[in-house]
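Written below as structure tokens is the structure these notes are about.
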Amino acid sequence: MTALPVNLTGIAVLLYSEIEMKERSEPKGRRRAAMALERVRERLAGAEDGWLFAEIADQVASNRRARGLSQAELAALCGTTQSAIARLESGGRPPRIDTLLRIANALDCELIVELRPRTTRKGGTS
């Protein structure tokens with residue numbers, strides 16, 4: 001089980017609270033707010049499986065340490081800054097795909113991006 005980074009947890013809680021308050025206070029927007037609230041609930045329900053960006057951050061940090069590189073050394077190899085690597089590893093910011101590709105190359109890793117069909121489609125059908 002991968003724990004959510006504190007900043008992602010806080011954002012999710014604030015978003016959840018804001019949507020819930022809006023749902024209660026605006027009769028016209030109840031359906032839209034309810035749908036947004038359900039999307040947040042679905043996101044939070046999968047938190048115990050780990051969020052994609054948190055998993056990526058863990059993999060980057062693990063591979064960097066396994067190769068004996070500091071954040072500054074990895075940054076130099078990728079053409080970015082140490083603070084950008086630190087933000088990525090802490091889950092402070094989702095990485096762009098081109099940044100991930102440069103990091104994967106610097107760590108001599110293969111970057112695999114995969115789209116998989118959901119087991120249940122939106123609308124409740126399988």
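Every chain in the structure tokens takes a letter, A first, then B, and so on in the order presented; its residues are numbered from 1, and the ligands are numbered from 1 following the presented order.
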
For this session: Compile the contact shell of Ala66 of chain A as number ranges by chain: residues with an atom at most 10 Å away, counting only C-alpha atoms, same-chain residues fewer than 5 positions apart removed.
Result: A: 60-61, 107

Put those residues in a file: C-alpha atoms, as a PDB file, in the first residue's frame.
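The resulting part.pdb:
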```pdb
ATOM      1  CA  VAL A  60      12.248   7.318  -9.674  1.00  0.00           C
ATOM      2  CA  ALA A  61      13.626   7.705  -6.146  1.00  0.00           C
ATOM      3  CA  LEU A 107      18.410   5.877 -15.093  1.00  0.00           C
TER       4      LEU A 107
END
```

Problem set entry | One-decimal distance in Å that lies between atom CA of Asn63 of chain A and atom CA of Arg93 of chain A | 18.7 Å

For this session: Can you pull out every residue within 9 Å of Ala72 of chain A, counting only C-alpha atoms, but drop anything in the same chain fewer than 3 positions away, and send it as a ChimeraX atom specification?
Result: /A:69,75-77,80-83,85

Problem set entry | Selection near segment 108-121 of chain A, 10 Å with only C-alpha atoms, sequence-local residues under 4 positions removed, as a VMD selection string | chain A and resid 60 63 67 97 100 to 104 125 to 126

Take the selection from the previous step and output its residues with N, CA and C atoms, as a CSV table (one decimal), in the first residue's frame.
```csv
chain,number,residue,atom,x,y,z
A,60,VAL,N,11.1,6.4,-9.3
A,60,VAL,CA,12.2,7.3,-9.7
A,60,VAL,C,13.2,7.4,-8.5
A,63,ASN,N,15.1,3.9,-8.1
A,63,ASN,CA,16.1,3.7,-9.1
A,63,ASN,C,17.3,4.7,-9.0
A,67,ARG,N,21.3,3.4,-8.2
A,67,ARG,CA,22.4,3.7,-9.0
A,67,ARG,C,23.4,4.7,-8.3
A,97,ILE,N,5.4,13.8,-19.5
A,97,ILE,CA,5.8,12.6,-20.2
A,97,ILE,C,7.2,12.8,-20.7
A,100,LEU,N,9.6,12.5,-17.9
A,100,LEU,CA,9.8,11.1,-17.4
A,100,LEU,C,10.7,10.3,-18.4
A,101,LEU,N,10.5,10.6,-19.7
A,101,LEU,CA,11.4,9.9,-20.7
A,101,LEU,C,12.8,10.2,-20.5
A,102,ARG,N,13.2,11.5,-20.2
A,102,ARG,CA,14.6,11.9,-20.0
A,102,ARG,C,15.1,11.2,-18.7
A,103,ILE,N,14.2,11.2,-17.6
A,103,ILE,CA,14.6,10.5,-16.4
A,103,ILE,C,14.8,9.0,-16.6
A,104,ALA,N,13.9,8.4,-17.3
A,104,ALA,CA,14.1,7.0,-17.6
A,104,ALA,C,15.4,6.7,-18.4
A,125,THR,N,-21.8,-0.2,-17.2
A,125,THR,CA,-21.8,-1.4,-18.0
A,125,THR,C,-20.4,-2.0,-18.0
A,126,SER,N,-20.2,-3.3,-18.2
A,126,SER,CA,-18.9,-3.9,-18.3
A,126,SER,C,-18.5,-4.2,-19.7
```

For this session: Would you mind listing what lies within 9 Å of Pro94 of chain A as a PyMOL selection string, with only C-alpha atoms counted and same-chain residues fewer than 5 positions away left out?
Result: chain A and resi 53-54+57+87-88

Could you write out that same residue set with N, CA and C atoms as an mmCIF file, in the first residue's frame?
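part24.cif was written with the following content:
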```cif
data_model
loop_
_atom_site.group_PDB
_atom_site.id
_atom_site.type_symbol
_atom_site.label_atom_id
_atom_site.label_comp_id
_atom_site.auth_asym_id
_atom_site.auth_seq_id
_atom_site.Cartn_x
_atom_site.Cartn_y
_atom_site.Cartn_z
ATOM 1 N N PHE A 53 0.934 8.866 -9.782
ATOM 2 C CA PHE A 53 2.080 9.757 -9.631
ATOM 3 C C PHE A 53 2.915 9.407 -8.406
ATOM 4 N N ALA A 54 2.274 8.941 -7.354
ATOM 5 C CA ALA A 54 3.019 8.528 -6.163
ATOM 6 C C ALA A 54 3.857 7.296 -6.479
ATOM 7 N N ALA A 57 6.806 8.443 -8.552
ATOM 8 C CA ALA A 57 7.774 9.127 -7.687
ATOM 9 C C ALA A 57 8.611 8.119 -6.915
ATOM 10 N N ARG A 87 10.784 17.752 -6.272
ATOM 11 C CA ARG A 87 9.319 17.898 -6.351
ATOM 12 C C ARG A 87 8.674 16.633 -6.894
ATOM 13 N N LEU A 88 9.274 16.059 -7.938
ATOM 14 C CA LEU A 88 8.737 14.832 -8.518
ATOM 15 C C LEU A 88 8.755 13.705 -7.492
#
```

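For the pair atom CA of Arg96 of chain A and atom CA of Met35 of chain A, the separation is 27.7 Å.
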
For this session: Please indicate the distance in Å from atom CA of Ala36 of chain A to atom CA of Asp58 of chain A, rounded to one decimal place.
Result: 28.6 Å
